[in-house]
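Content type mmCIF, C-alpha atoms, from the file query-v4.cif:
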```
data_entry
#
loop_
_atom_site.label_atom_id
_atom_site.label_comp_id
_atom_site.auth_asym_id
_atom_site.auth_seq_id
_atom_site.Cartn_x
_atom_site.Cartn_y
_atom_site.Cartn_z
CA MET A 1 5.13 -37.89 16.85
CA ALA A 2 3.21 -36.11 14.18
CA ASP A 3 5.29 -34.89 11.29
CA ILE A 4 3.95 -32.04 9.23
CA ASN A 5 6.19 -33.02 6.34
CA ALA A 6 4.31 -36.29 6.03
CA TYR A 7 2.17 -34.83 3.25
CA GLU A 8 3.46 -33.02 0.21
CA GLY A 9 2.20 -29.46 0.25
CA PRO A 10 3.72 -26.30 -1.12
CA ALA A 11 6.86 -25.36 0.81
CA GLU A 12 6.39 -22.56 3.34
CA ALA A 13 8.18 -19.43 2.21
CA GLY A 14 10.23 -17.41 4.66
CA PHE A 15 10.46 -13.61 4.60
CA GLY A 16 13.83 -13.90 2.89
CA ASP A 17 12.23 -15.68 -0.07
CA TYR A 18 10.07 -12.64 -0.78
CA VAL A 19 13.12 -10.39 -0.48
CA ALA A 20 14.94 -12.69 -2.95
CA LEU A 21 12.05 -12.14 -5.42
CA LEU A 22 13.15 -8.49 -5.64
CA LYS A 23 16.67 -9.44 -6.82
CA PRO A 24 18.58 -7.52 -4.11
CA ARG A 25 21.89 -7.62 -6.00
CA VAL A 26 20.41 -5.94 -9.06
CA MET A 27 18.70 -3.53 -6.68
CA SER A 28 22.05 -2.41 -5.25
CA LEU A 29 23.15 -1.14 -8.69
CA VAL A 30 19.77 0.59 -9.12
CA VAL A 31 20.07 2.25 -5.70
CA PHE A 32 23.61 3.47 -6.33
CA THR A 33 23.07 4.87 -9.84
CA ALA A 34 19.71 6.45 -8.93
CA LEU A 35 21.30 8.06 -5.86
CA VAL A 36 24.12 9.51 -7.96
CA GLY A 37 21.64 10.80 -10.57
CA LEU A 38 19.63 12.49 -7.84
CA TRP A 39 22.63 13.81 -5.93
CA ILE A 40 24.47 15.45 -8.81
CA ALA A 41 21.35 17.11 -10.28
CA PRO A 42 21.46 20.91 -10.11
CA GLN A 43 18.36 21.26 -7.87
CA PRO A 44 18.93 20.49 -4.18
CA VAL A 45 16.55 17.92 -2.68
CA ASN A 46 15.57 17.51 0.95
CA PRO A 47 17.63 14.53 2.27
CA PHE A 48 14.56 12.66 3.51
CA ILE A 49 12.73 13.11 0.21
CA ALA A 50 15.91 11.98 -1.58
CA PHE A 51 16.06 8.89 0.65
CA CYS A 52 12.38 8.07 -0.01
CA SER A 53 12.78 8.64 -3.76
CA VAL A 54 15.75 6.27 -4.03
CA LEU A 55 13.90 3.72 -1.88
CA PHE A 56 10.82 3.78 -4.12
CA ILE A 57 12.94 3.58 -7.27
CA ALA A 58 14.63 0.52 -5.71
CA ILE A 59 11.24 -1.03 -4.84
CA GLY A 60 10.10 -0.39 -8.43
CA GLY A 61 13.25 -2.15 -9.66
CA GLY A 62 12.54 -5.00 -7.25
CA ALA A 63 8.96 -5.23 -8.51
CA SER A 64 10.16 -5.66 -12.08
CA GLY A 65 12.54 -8.36 -10.78
CA ALA A 66 9.57 -10.20 -9.24
CA LEU A 67 7.62 -9.93 -12.51
CA ASN A 68 10.69 -11.28 -14.31
CA MET A 69 10.83 -14.26 -11.92
CA TRP A 70 7.13 -14.89 -12.43
CA TYR A 71 7.43 -15.05 -16.21
CA ASP A 72 10.84 -16.72 -16.42
CA ALA A 73 10.20 -19.50 -13.87
CA ASP A 74 10.45 -22.13 -16.65
CA ILE A 75 13.85 -20.84 -17.83
CA ASP A 76 15.13 -20.39 -14.28
CA ALA A 77 14.28 -24.01 -13.43
CA VAL A 78 16.47 -25.28 -16.30
CA MET A 79 19.61 -23.22 -15.59
CA LYS A 80 21.87 -24.13 -12.68
CA ARG A 81 22.57 -20.54 -11.61
CA THR A 82 18.87 -19.69 -11.25
CA ALA A 83 17.33 -23.04 -10.23
CA GLY A 84 17.52 -22.09 -6.54
CA ARG A 85 15.37 -18.95 -6.97
CA PRO A 86 12.15 -18.87 -4.89
CA VAL A 87 9.74 -19.67 -7.75
CA PRO A 88 11.55 -22.56 -9.53
CA SER A 89 12.47 -24.11 -6.16
CA GLY A 90 8.77 -24.12 -5.21
CA ARG A 91 8.98 -21.94 -2.08
CA VAL A 92 6.93 -19.15 -3.66
CA SER A 93 4.23 -19.83 -6.26
CA SER A 94 4.47 -18.00 -9.57
CA GLN A 95 1.06 -16.41 -8.91
CA GLU A 96 2.43 -14.99 -5.67
CA ALA A 97 5.45 -13.60 -7.50
CA LEU A 98 3.08 -11.96 -10.01
CA ALA A 99 0.98 -10.49 -7.19
CA VAL A 100 4.04 -9.15 -5.35
CA GLY A 101 5.38 -7.68 -8.60
CA ILE A 102 2.15 -5.90 -9.53
CA ALA A 103 1.44 -4.67 -6.00
CA LEU A 104 4.95 -3.28 -5.50
CA SER A 105 4.93 -1.70 -8.98
CA GLY A 106 1.77 0.24 -8.16
CA LEU A 107 2.96 1.16 -4.69
CA SER A 108 6.40 2.35 -5.79
CA VAL A 109 5.04 4.48 -8.66
CA MET A 110 2.34 6.10 -6.52
CA MET A 111 4.71 6.78 -3.64
CA LEU A 112 7.44 8.18 -5.92
CA GLY A 113 4.83 10.51 -7.42
CA LEU A 114 3.81 11.72 -3.96
CA ALA A 115 7.37 11.96 -2.62
CA ALA A 116 9.11 13.51 -5.64
CA ASN A 117 7.06 14.36 -8.75
CA TRP A 118 4.78 12.66 -11.26
CA PHE A 119 7.26 12.90 -14.14
CA ALA A 120 9.72 10.73 -12.21
CA ALA A 121 6.86 8.39 -11.22
CA GLY A 122 5.77 8.04 -14.86
CA PHE A 123 9.35 7.34 -15.81
CA LEU A 124 9.56 4.60 -13.16
CA ALA A 125 6.30 3.08 -14.42
CA PHE A 126 7.70 3.06 -17.95
CA THR A 127 10.93 1.40 -16.73
CA ILE A 128 8.99 -1.38 -14.99
CA PHE A 129 6.85 -1.86 -18.11
CA PHE A 130 9.95 -1.89 -20.31
CA TYR A 131 11.77 -4.50 -18.23
CA ALA A 132 8.79 -6.75 -17.50
CA VAL A 133 6.87 -6.58 -20.80
CA ILE A 134 9.20 -5.40 -23.59
CA TYR A 135 12.28 -7.25 -22.34
CA THR A 136 11.13 -10.26 -20.29
CA ILE A 137 7.89 -11.21 -22.03
CA TRP A 138 8.46 -9.99 -25.57
CA LEU A 139 12.10 -9.86 -26.67
CA LYS A 140 14.28 -11.92 -24.31
CA ARG A 141 13.39 -15.22 -25.96
CA ARG A 142 13.21 -13.84 -29.49
CA THR A 143 16.45 -12.03 -30.26
CA PRO A 144 20.14 -12.50 -29.45
CA GLN A 145 20.22 -8.73 -28.85
CA ASN A 146 18.20 -9.40 -25.64
CA ILE A 147 21.10 -8.23 -23.46
CA VAL A 148 21.16 -4.87 -25.27
CA ILE A 149 17.43 -4.33 -24.69
CA GLY A 150 17.59 -5.49 -21.07
CA GLY A 151 20.50 -3.10 -20.57
CA ALA A 152 18.25 -0.16 -21.38
CA ALA A 153 16.02 -1.01 -18.40
CA GLY A 154 19.05 -1.05 -16.13
CA ALA A 155 20.19 2.28 -17.55
CA PHE A 156 17.04 4.23 -16.61
CA PRO A 157 17.56 4.58 -12.79
CA PRO A 158 20.08 7.48 -12.91
CA MET A 159 17.66 9.31 -15.24
CA ILE A 160 14.80 8.71 -12.80
CA GLY A 161 17.00 9.95 -9.94
CA TRP A 162 17.77 13.12 -11.92
CA ALA A 163 14.07 13.53 -12.75
CA CYS A 164 13.21 13.30 -9.03
CA ALA A 165 15.34 16.38 -8.39
CA THR A 166 14.67 18.43 -11.52
CA GLY A 167 11.28 17.22 -12.77
CA GLY A 168 12.74 16.61 -16.24
CA ILE A 169 15.76 15.30 -18.12
CA GLY A 170 18.84 16.87 -19.67
CA ILE A 171 21.96 15.91 -21.57
CA GLU A 172 23.71 14.72 -18.37
CA PRO A 173 21.16 12.00 -17.46
CA LEU A 174 21.02 10.95 -21.13
CA LEU A 175 24.78 10.41 -21.09
CA MET A 176 24.53 8.50 -17.80
CA PHE A 177 21.93 6.34 -19.55
CA ALA A 178 24.33 5.79 -22.47
CA LEU A 179 27.13 4.87 -20.05
CA ILE A 180 25.14 1.96 -18.55
CA PHE A 181 23.38 1.08 -21.81
CA PHE A 182 26.59 0.49 -23.80
CA TRP A 183 28.39 -1.04 -20.83
CA THR A 184 25.80 -3.80 -20.18
CA PRO A 185 26.28 -5.92 -23.36
CA PRO A 186 30.09 -6.33 -23.14
CA HIS A 187 29.73 -6.98 -19.40
CA PHE A 188 27.26 -9.84 -19.92
CA TRP A 189 28.83 -11.23 -23.08
CA ALA A 190 32.19 -11.52 -21.29
CA LEU A 191 30.33 -13.47 -18.58
CA ALA A 192 28.65 -15.62 -21.24
CA LEU A 193 32.07 -16.48 -22.72
CA PHE A 194 33.34 -18.16 -19.56
CA MET A 195 30.06 -19.22 -17.87
CA LYS A 196 28.86 -21.78 -20.34
CA GLU A 197 25.25 -21.90 -19.23
CA ASP A 198 22.68 -23.94 -21.03
CA TYR A 199 20.86 -21.02 -22.57
CA SER A 200 20.00 -23.02 -25.67
CA ARG A 201 18.23 -25.68 -23.61
CA ALA A 202 16.36 -22.91 -21.79
CA GLY A 203 15.32 -21.40 -25.13
CA VAL A 204 17.12 -18.08 -24.65
CA PRO A 205 18.99 -17.00 -27.79
CA MET A 206 22.31 -15.79 -26.40
CA LEU A 207 24.77 -14.29 -28.86
CA THR A 208 27.40 -16.91 -27.95
CA VAL A 209 24.97 -19.65 -28.99
CA THR A 210 23.28 -18.09 -32.04
CA HIS A 211 26.25 -16.35 -33.67
CA GLY A 212 29.21 -18.10 -32.09
CA ARG A 213 31.94 -17.01 -29.73
CA LYS A 214 34.08 -15.27 -32.36
CA VAL A 215 31.24 -12.89 -33.23
CA THR A 216 30.62 -12.32 -29.51
CA ARG A 217 34.26 -11.29 -29.06
CA ARG A 218 33.90 -8.83 -31.95
CA HIS A 219 30.71 -7.42 -30.39
CA ILE A 220 32.41 -6.95 -27.02
CA PHE A 221 35.20 -4.90 -28.58
CA ALA A 222 32.79 -2.85 -30.73
CA TYR A 223 30.61 -1.92 -27.73
CA THR A 224 33.70 -1.02 -25.69
CA LEU A 225 34.73 1.40 -28.47
CA VAL A 226 31.25 2.95 -28.69
CA LEU A 227 31.05 3.29 -24.90
CA ALA A 228 34.24 5.32 -24.43
CA PRO A 229 33.16 8.59 -26.17
CA PHE A 230 29.97 8.76 -24.08
CA ALA A 231 31.95 8.33 -20.86
CA ILE A 232 34.33 11.13 -21.89
CA TRP A 233 31.48 13.37 -23.14
CA LEU A 234 29.81 13.08 -19.72
CA GLY A 235 32.99 14.54 -18.26
CA LEU A 236 32.59 17.65 -20.44
CA THR A 237 29.10 18.46 -19.15
CA SER A 238 28.07 20.38 -16.03
CA VAL A 239 28.46 17.28 -13.83
CA GLY A 240 32.03 16.56 -15.00
CA GLY A 241 35.34 17.81 -13.73
CA PRO A 242 39.06 16.98 -13.61
CA LEU A 243 38.65 14.04 -11.23
CA TYR A 244 35.87 12.40 -13.25
CA MET A 245 37.77 13.00 -16.47
CA ALA A 246 40.94 11.37 -15.10
CA VAL A 247 38.96 8.34 -13.88
CA ALA A 248 37.06 8.07 -17.19
CA VAL A 249 40.20 8.28 -19.34
CA VAL A 250 42.06 5.61 -17.32
CA LEU A 251 39.09 3.23 -17.06
CA ASN A 252 38.15 3.52 -20.73
CA ALA A 253 41.75 2.98 -21.84
CA MET A 254 41.85 -0.18 -19.69
CA PHE A 255 38.44 -1.30 -20.94
CA ILE A 256 39.38 -0.84 -24.61
CA ALA A 257 42.69 -2.66 -24.02
CA GLY A 258 40.77 -5.53 -22.37
CA GLY A 259 38.26 -5.64 -25.24
CA TRP A 260 41.13 -5.72 -27.74
CA ARG A 261 42.74 -8.66 -25.92
CA ILE A 262 39.41 -10.53 -25.96
CA LEU A 263 39.05 -9.84 -29.69
CA ARG A 264 42.52 -11.18 -30.52
CA ARG A 265 42.11 -14.46 -28.64
CA THR A 266 41.00 -17.74 -30.10
CA GLU A 267 38.81 -20.17 -28.22
CA GLU A 268 41.77 -22.56 -27.87
CA GLN A 269 43.91 -19.88 -26.20
CA ALA A 270 41.03 -18.99 -23.89
CA MET A 271 40.45 -22.60 -22.88
CA ALA A 272 44.19 -23.12 -22.28
CA ASP A 273 44.28 -20.46 -19.52
CA HIS A 274 40.71 -21.04 -18.31
CA TYR A 275 39.35 -17.77 -19.71
CA LEU A 276 41.73 -15.65 -17.63
CA VAL A 277 41.47 -12.58 -19.90
CA GLU A 278 37.67 -12.79 -20.11
CA LYS A 279 37.38 -13.11 -16.34
CA ARG A 280 39.71 -10.14 -15.83
CA TYR A 281 37.68 -8.07 -18.28
CA PHE A 282 34.47 -9.02 -16.47
CA ARG A 283 35.92 -8.00 -13.10
CA LEU A 284 37.12 -4.72 -14.61
CA SER A 285 33.63 -4.11 -16.00
CA LEU A 286 32.20 -4.36 -12.46
CA TYR A 287 34.59 -1.65 -11.29
CA TYR A 288 33.99 0.34 -14.48
CA THR A 289 30.44 1.54 -13.74
CA PHE A 290 30.95 1.71 -10.00
CA LEU A 291 34.02 3.95 -10.29
CA HIS A 292 32.47 6.17 -12.99
CA PHE A 293 29.43 6.88 -10.81
CA LEU A 294 31.54 7.20 -7.66
CA ALA A 295 33.72 9.75 -9.49
CA LEU A 296 30.58 11.71 -10.47
CA LEU A 297 29.46 11.70 -6.84
CA VAL A 298 32.82 12.88 -5.50
CA GLN A 299 33.16 15.42 -8.32
CA SER A 300 29.82 17.04 -7.45
CA TRP A 301 30.93 17.14 -3.82
CA ILE A 302 34.26 18.88 -4.51
CA GLY A 303 32.89 20.97 -7.40
CA GLY A 304 33.29 20.53 -11.14
CA TRP A 305 34.79 22.58 -13.93
CA MET B 1 -2.27 -32.49 19.59
CA LEU B 2 0.57 -30.83 17.80
CA ARG B 3 2.77 -28.79 20.07
CA THR B 4 6.17 -29.33 18.56
CA GLU B 5 7.80 -26.23 17.15
CA HIS B 6 8.32 -27.05 13.53
CA GLU B 7 10.53 -25.30 11.00
CA LEU B 8 7.31 -24.35 9.21
CA HIS B 9 6.13 -22.39 12.24
CA ARG B 10 9.46 -20.63 12.52
CA ARG B 11 9.31 -19.54 8.90
CA ARG B 12 5.74 -18.36 9.25
CA ARG B 13 6.63 -16.34 12.36
CA GLY B 14 9.64 -14.86 10.59
CA ARG B 15 7.40 -13.85 7.70
CA ASN B 16 4.85 -12.25 10.02
CA ILE B 17 7.49 -10.31 11.94
CA GLY B 18 9.08 -9.22 8.66
CA LEU B 19 5.72 -7.95 7.41
CA LEU B 20 5.13 -6.12 10.70
CA VAL B 21 8.50 -4.37 10.42
CA VAL B 22 7.79 -3.43 6.78
CA LEU B 23 4.36 -1.99 7.65
CA ILE B 24 5.68 0.02 10.60
CA ALA B 25 8.55 1.31 8.45
CA PHE B 26 6.08 2.29 5.71
CA ALA B 27 3.85 4.17 8.17
CA ALA B 28 6.92 5.95 9.58
CA LEU B 29 8.03 6.83 6.05
CA VAL B 30 4.66 8.35 5.11
CA PHE B 31 4.62 10.28 8.39
CA GLY B 32 8.15 11.56 7.78
CA LEU B 33 7.25 12.56 4.22
CA THR B 34 4.19 14.45 5.49
CA VAL B 35 6.26 16.34 8.06
CA VAL B 36 8.87 17.29 5.45
CA LYS B 37 6.24 18.33 2.88
CA ILE B 38 4.41 20.52 5.41
CA GLY B 39 7.75 21.96 6.57
CA GLN B 40 8.58 22.91 2.96
CA GLY B 41 5.21 24.65 2.56
CA ASP B 42 4.10 22.39 -0.29
CA MET B 43 0.51 22.54 -1.48
CA MET B 44 -1.62 20.73 1.08
CA GLU B 45 -4.87 20.51 -0.87
CA GLY B 46 -5.34 18.70 -4.12
CA TYR B 47 -8.09 19.36 -6.65
CA ASP B 48 -11.26 17.64 -5.50
CA TYR B 49 -13.60 18.56 -8.37
CA ARG B 50 -14.98 21.66 -6.63
CA PRO B 51 -13.50 25.09 -7.33
CA ARG B 52 -12.01 26.71 -4.24
CA ALA B 53 -10.43 30.13 -3.84
CA SER B 54 -7.38 28.55 -2.15
CA MET B 55 -6.63 26.60 -5.33
CA LEU B 56 -6.35 29.74 -7.49
CA PRO B 57 -2.90 31.15 -8.25
CA ARG B 58 -2.05 34.25 -6.28
CA ASP B 59 -2.56 37.45 -8.28
CA PRO B 60 0.24 39.93 -7.45
CA ASP B 61 -1.80 42.93 -8.80
CA ALA B 62 -4.88 42.23 -6.70
CA PRO B 63 -5.60 44.79 -3.92
CA ALA B 64 -4.89 43.69 -0.39
CA PRO B 65 -7.97 42.11 1.25
CA ALA B 66 -10.02 44.41 3.45
CA ALA B 67 -9.73 44.07 7.21
CA ALA B 68 -11.91 41.28 8.51
CA PRO B 69 -15.12 42.20 10.37
CA GLU B 70 -15.20 41.48 14.12
CA THR B 71 -16.68 38.04 13.91
CA PRO B 72 -17.16 36.36 10.58
CA ALA B 73 -20.58 34.83 10.18
CA GLU B 74 -20.74 31.05 10.15
CA PRO B 75 -21.22 30.01 6.50
CA GLN B 76 -24.66 28.50 5.90
CA GLN B 77 -24.81 24.93 4.70
CA GLN B 78 -26.10 25.15 1.14
CA GLN B 79 -29.11 23.00 0.37
CA PRO B 80 -29.15 21.36 -3.04
CA GLU B 81 -31.47 23.39 -5.24
CA ASP B 82 -33.16 20.50 -6.93
CA GLN B 83 -34.55 19.18 -3.64
CA GLN B 84 -38.33 19.43 -3.49
#
```
Target encoding structure tokens, full file:
Amino acid sequence: MADINAYEGPAEAGFGDYVALLKPRVMSLVVFTALVGLWIAPQPVNPFIAFCSVLFIAIGGGASGALNMWYDADIDAVMKRTAGRPVPSGRVSSQEALAVGIALSGLSVMMLGLAANWFAAGFLAFTIFFYAVIYTIWLKRRTPQNIVIGGAAGAFPPMIGWACATGGIGIEPLLMFALIFFWTPPHFWALALFMKEDYSRAGVPMLTVTHGRKVTRRHIFAYTLVLAPFAIWLGLTSVGGPLYMAVAVVLNAMFIAGGWRILRRTEEQAMADHYLVEKRYFRLSLYYTFLHFLALLVQSWIGGW
Amino acid sequence: MLRTEHELHRRRRGRNIGLLVVLIAFAALVFGLTVVKIGQGDMMEGYDYRPRASMLPRDPDAPAPAAAPETPAEPQQQQPEDQQ
């Protein structure tokens, strides 16, 4: 019987492989934060337009993920966590990933402009440019502060959501930006402490590799301290309220306590209990952003100050 | 003759069906957006490089337009002036 696998051709990609190009897990954070930004904005938005706006912001985020996979295919192939991605595994060619990324970038920006407004669309275009060009192509492989810069791209969605509703920005979306921006580095550095990936072999200068784990611990604590005032300040604006404030105070106290514990530990202590404190801090960091934004959503529903 | 259903065919069919669903969803989305935008009374005409009265902002001080004559004359198609 004839066997099609008898010759070595490029593997046939399934639909799921193209979905995987858009990094659906990153997309879920984009969807949630953009939705909150749009929902809590002072101008009401038609529910269908709100749905379309969040969808196109998510597609824009996915497009930048595809561009990232196109450019980073060489790094992804080296690291265990990312070796199974569609491009390094050979199911999707890097040229296809580039085409999908560019096409979806254009589509999402145009459609967001038509659905919401052109300020929000321009903002989305800038975010895609920032993540794909400034972060992925330019700075990721050049500086150990790459996580900080990449975090900015992830922090834009709530601002875009707010811009969809209002056509501009204000202090509230800027503080939401700060919340994600200062949260991202400690979140990823905690992960880098216990997931010893071969970043150095891949040529990515991670802080744990370039400056050592002690410095990384110090950085985690410093960012946790800087983050807290922004989270509390957000509670004092028009989108805040008693519920948000209570959530923010408790979460930031826990986050600072976790950062302090990470700072005080030596590598020997961490290895002895298999990075228990670092793993706990990482799990807390996942809840940290989710609960802050959920509190904002609920607060706008029940009414603020 | 190759009649056996191969995994390759299954993937290709899955991809085609996926694309079909995405295209139908996109068309439905654009239709829905249009309905909502019309319902909200948003501007329906964009600027197309020719001045039109409907594009001008409404002047609140302008007198009300006179009552229309019985049957408005059909506007004549303008011939380009530089035609010889």
Residue IDs satisfying the PyMOL selection byres ((chain A) within 7 of (chain B)), as a PDB file with C-alpha atoms, in the coordinates of the input:
```pdb
ATOM      1  CA  ALA A   2       3.210 -36.110  14.180  1.00  0.00           C
ATOM      2  CA  GLU A  12       6.390 -22.560   3.340  1.00  0.00           C
ATOM      3  CA  ALA A  13       8.180 -19.430   2.210  1.00  0.00           C
ATOM      4  CA  GLY A  14      10.230 -17.410   4.660  1.00  0.00           C
ATOM      5  CA  PHE A  15      10.460 -13.610   4.600  1.00  0.00           C
ATOM      6  CA  ILE A  49      12.730  13.110   0.210  1.00  0.00           C
ATOM      7  CA  ALA A 115       7.370  11.960  -2.620  1.00  0.00           C
TER       8      ALA A 115
END
```
Could you check the closest approach to Val247 of chain A for each of A:Trp162, A:Tyr288, A:Phe51, A:Tyr199 and tell me which residue wins, using only C-alpha atoms?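 Among A:Trp162, A:Tyr288, A:Phe51, A:Tyr199, it is A:Tyr288 that comes nearest to Val247 of chain A.
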Point-to-point distance in Å for atom CA of Thr184 of chain A and atom CA of Pro157 of chain A: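 The value is 13.9 Å.
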Taking (14.9, -3.0, -4.6) in the file's coordinates as the center, which residues reach within 8 Å of it, counting all atoms listed in the file, put as a PyMOL selection string? chain A and resi 22-24+26-28+30-31+55-63
Which value, in Å to one decimal, gives the distance between atom CA of Met245 of chain A and atom CA of Pro229 of chain A? 11.6 Å
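Omitting Ala231 of chain A and its sequence neighbours fewer than 5 positions away, and counting only C-alpha atoms, the residues within 9 Å are Leu175, Met176, Ala178, Leu179, Met245, Ala248, Val249, Asn252 and His292 of chain A.
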Mind pulling up the distance from atom CA of Gly150 of chain A to atom CA of Ala73 of chain A? 17.4 Å
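With distances taken over all atoms listed in the file, A:Val298 is the one residue among A:Met111, A:Ile169, A:Val298, A:Ala152 lying closest to Tyr244 of chain A.
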Running the PyMOL selection byres ((chain A and resi 64) around 10) on this model by hand, what would come out? Give it as a short mmCIF file (atom, residue, chain, number, x, y, z; two decimals) with C-alpha atoms, in the coordinates of the input.
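Result saved to selection_27.cif:
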```
data_model
loop_
_atom_site.label_atom_id
_atom_site.label_comp_id
_atom_site.auth_asym_id
_atom_site.auth_seq_id
_atom_site.Cartn_x
_atom_site.Cartn_y
_atom_site.Cartn_z
CA LEU A 21 12.05 -12.14 -5.42
CA LEU A 22 13.15 -8.49 -5.64
CA LYS A 23 16.67 -9.44 -6.82
CA ALA A 58 14.63 0.52 -5.71
CA ILE A 59 11.24 -1.03 -4.84
CA GLY A 60 10.10 -0.39 -8.43
CA GLY A 61 13.25 -2.15 -9.66
CA GLY A 62 12.54 -5.00 -7.25
CA ALA A 63 8.96 -5.23 -8.51
CA GLY A 65 12.54 -8.36 -10.78
CA ALA A 66 9.57 -10.20 -9.24
CA LEU A 67 7.62 -9.93 -12.51
CA ASN A 68 10.69 -11.28 -14.31
CA MET A 69 10.83 -14.26 -11.92
CA TRP A 70 7.13 -14.89 -12.43
CA LEU A 98 3.08 -11.96 -10.01
CA VAL A 100 4.04 -9.15 -5.35
CA GLY A 101 5.38 -7.68 -8.60
CA ILE A 102 2.15 -5.90 -9.53
CA LEU A 104 4.95 -3.28 -5.50
CA SER A 105 4.93 -1.70 -8.98
CA ALA A 125 6.30 3.08 -14.42
CA THR A 127 10.93 1.40 -16.73
CA ILE A 128 8.99 -1.38 -14.99
CA PHE A 129 6.85 -1.86 -18.11
CA PHE A 130 9.95 -1.89 -20.31
CA TYR A 131 11.77 -4.50 -18.23
CA ALA A 132 8.79 -6.75 -17.50
CA VAL A 133 6.87 -6.58 -20.80
CA THR A 136 11.13 -10.26 -20.29
CA ALA A 153 16.02 -1.01 -18.40
#
```
Between A:Ser300, A:Thr208, A:Thr289, A:Thr216, which residue has the minimum interatomic distance to Val239 of chain A, considering all atoms listed in the file?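 Smallest separation from Val239 of chain A among the options: A:Ser300.
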Non-local contacts of Gly303 of chain A (10 Å; only C-alpha atoms; under 5 positions in same chain excluded) as a PDB file with C-alpha atoms, in the coordinates of the input:
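Generated output (selection27.pdb):
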```
ATOM      1  CA  SER A 238      28.070  20.380 -16.030  1.00  0.00           C
ATOM      2  CA  VAL A 239      28.460  17.280 -13.830  1.00  0.00           C
ATOM      3  CA  GLY A 240      32.030  16.560 -15.000  1.00  0.00           C
ATOM      4  CA  GLY A 241      35.340  17.810 -13.730  1.00  0.00           C
ATOM      5  CA  PRO A 242      39.060  16.980 -13.610  1.00  0.00           C
ATOM      6  CA  LEU A 243      38.650  14.040 -11.230  1.00  0.00           C
ATOM      7  CA  LEU A 297      29.460  11.700  -6.840  1.00  0.00           C
ATOM      8  CA  VAL A 298      32.820  12.880  -5.500  1.00  0.00           C
TER       9      VAL A 298
END
```
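By only C-alpha atoms, and with residues fewer than 2 positions from Ile147 of chain A along its chain excluded, the set lying at most 8 Å from it is Lys140, Pro144, Gln145, Ile149, Gly150, Gly151, Thr184, Pro185 and Phe188 of chain A.
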Excluding segment 77-82 of chain A and its own-chain neighbours fewer than 6 positions away, which residues fall within 8 Å of it when counting all atoms listed in the file? Please give them as a ChimeraX atom specification. /A:88-89,197-199,201-202
With the PyMOL selection byres ((chain A and resi 279-283) around 7) as the selection, what would be picked from this file? Answer as a ChimeraX atom specification, please. /A:187,190-191,258,275-278,284-287
Kindly save the residues from that selection, with C-alpha atoms included, as a short mmCIF file (atom, residue, chain, number, x, y, z; two decimals), in the frame of the given file.
```
data_model
loop_
_atom_site.label_atom_id
_atom_site.label_comp_id
_atom_site.auth_asym_id
_atom_site.auth_seq_id
_atom_site.Cartn_x
_atom_site.Cartn_y
_atom_site.Cartn_z
CA HIS A 187 29.73 -6.98 -19.40
CA ALA A 190 32.19 -11.52 -21.29
CA LEU A 191 30.33 -13.47 -18.58
CA GLY A 258 40.77 -5.53 -22.37
CA TYR A 275 39.35 -17.77 -19.71
CA LEU A 276 41.73 -15.65 -17.63
CA VAL A 277 41.47 -12.58 -19.90
CA GLU A 278 37.67 -12.79 -20.11
CA LEU A 284 37.12 -4.72 -14.61
CA SER A 285 33.63 -4.11 -16.00
CA LEU A 286 32.20 -4.36 -12.46
CA TYR A 287 34.59 -1.65 -11.29
#
```
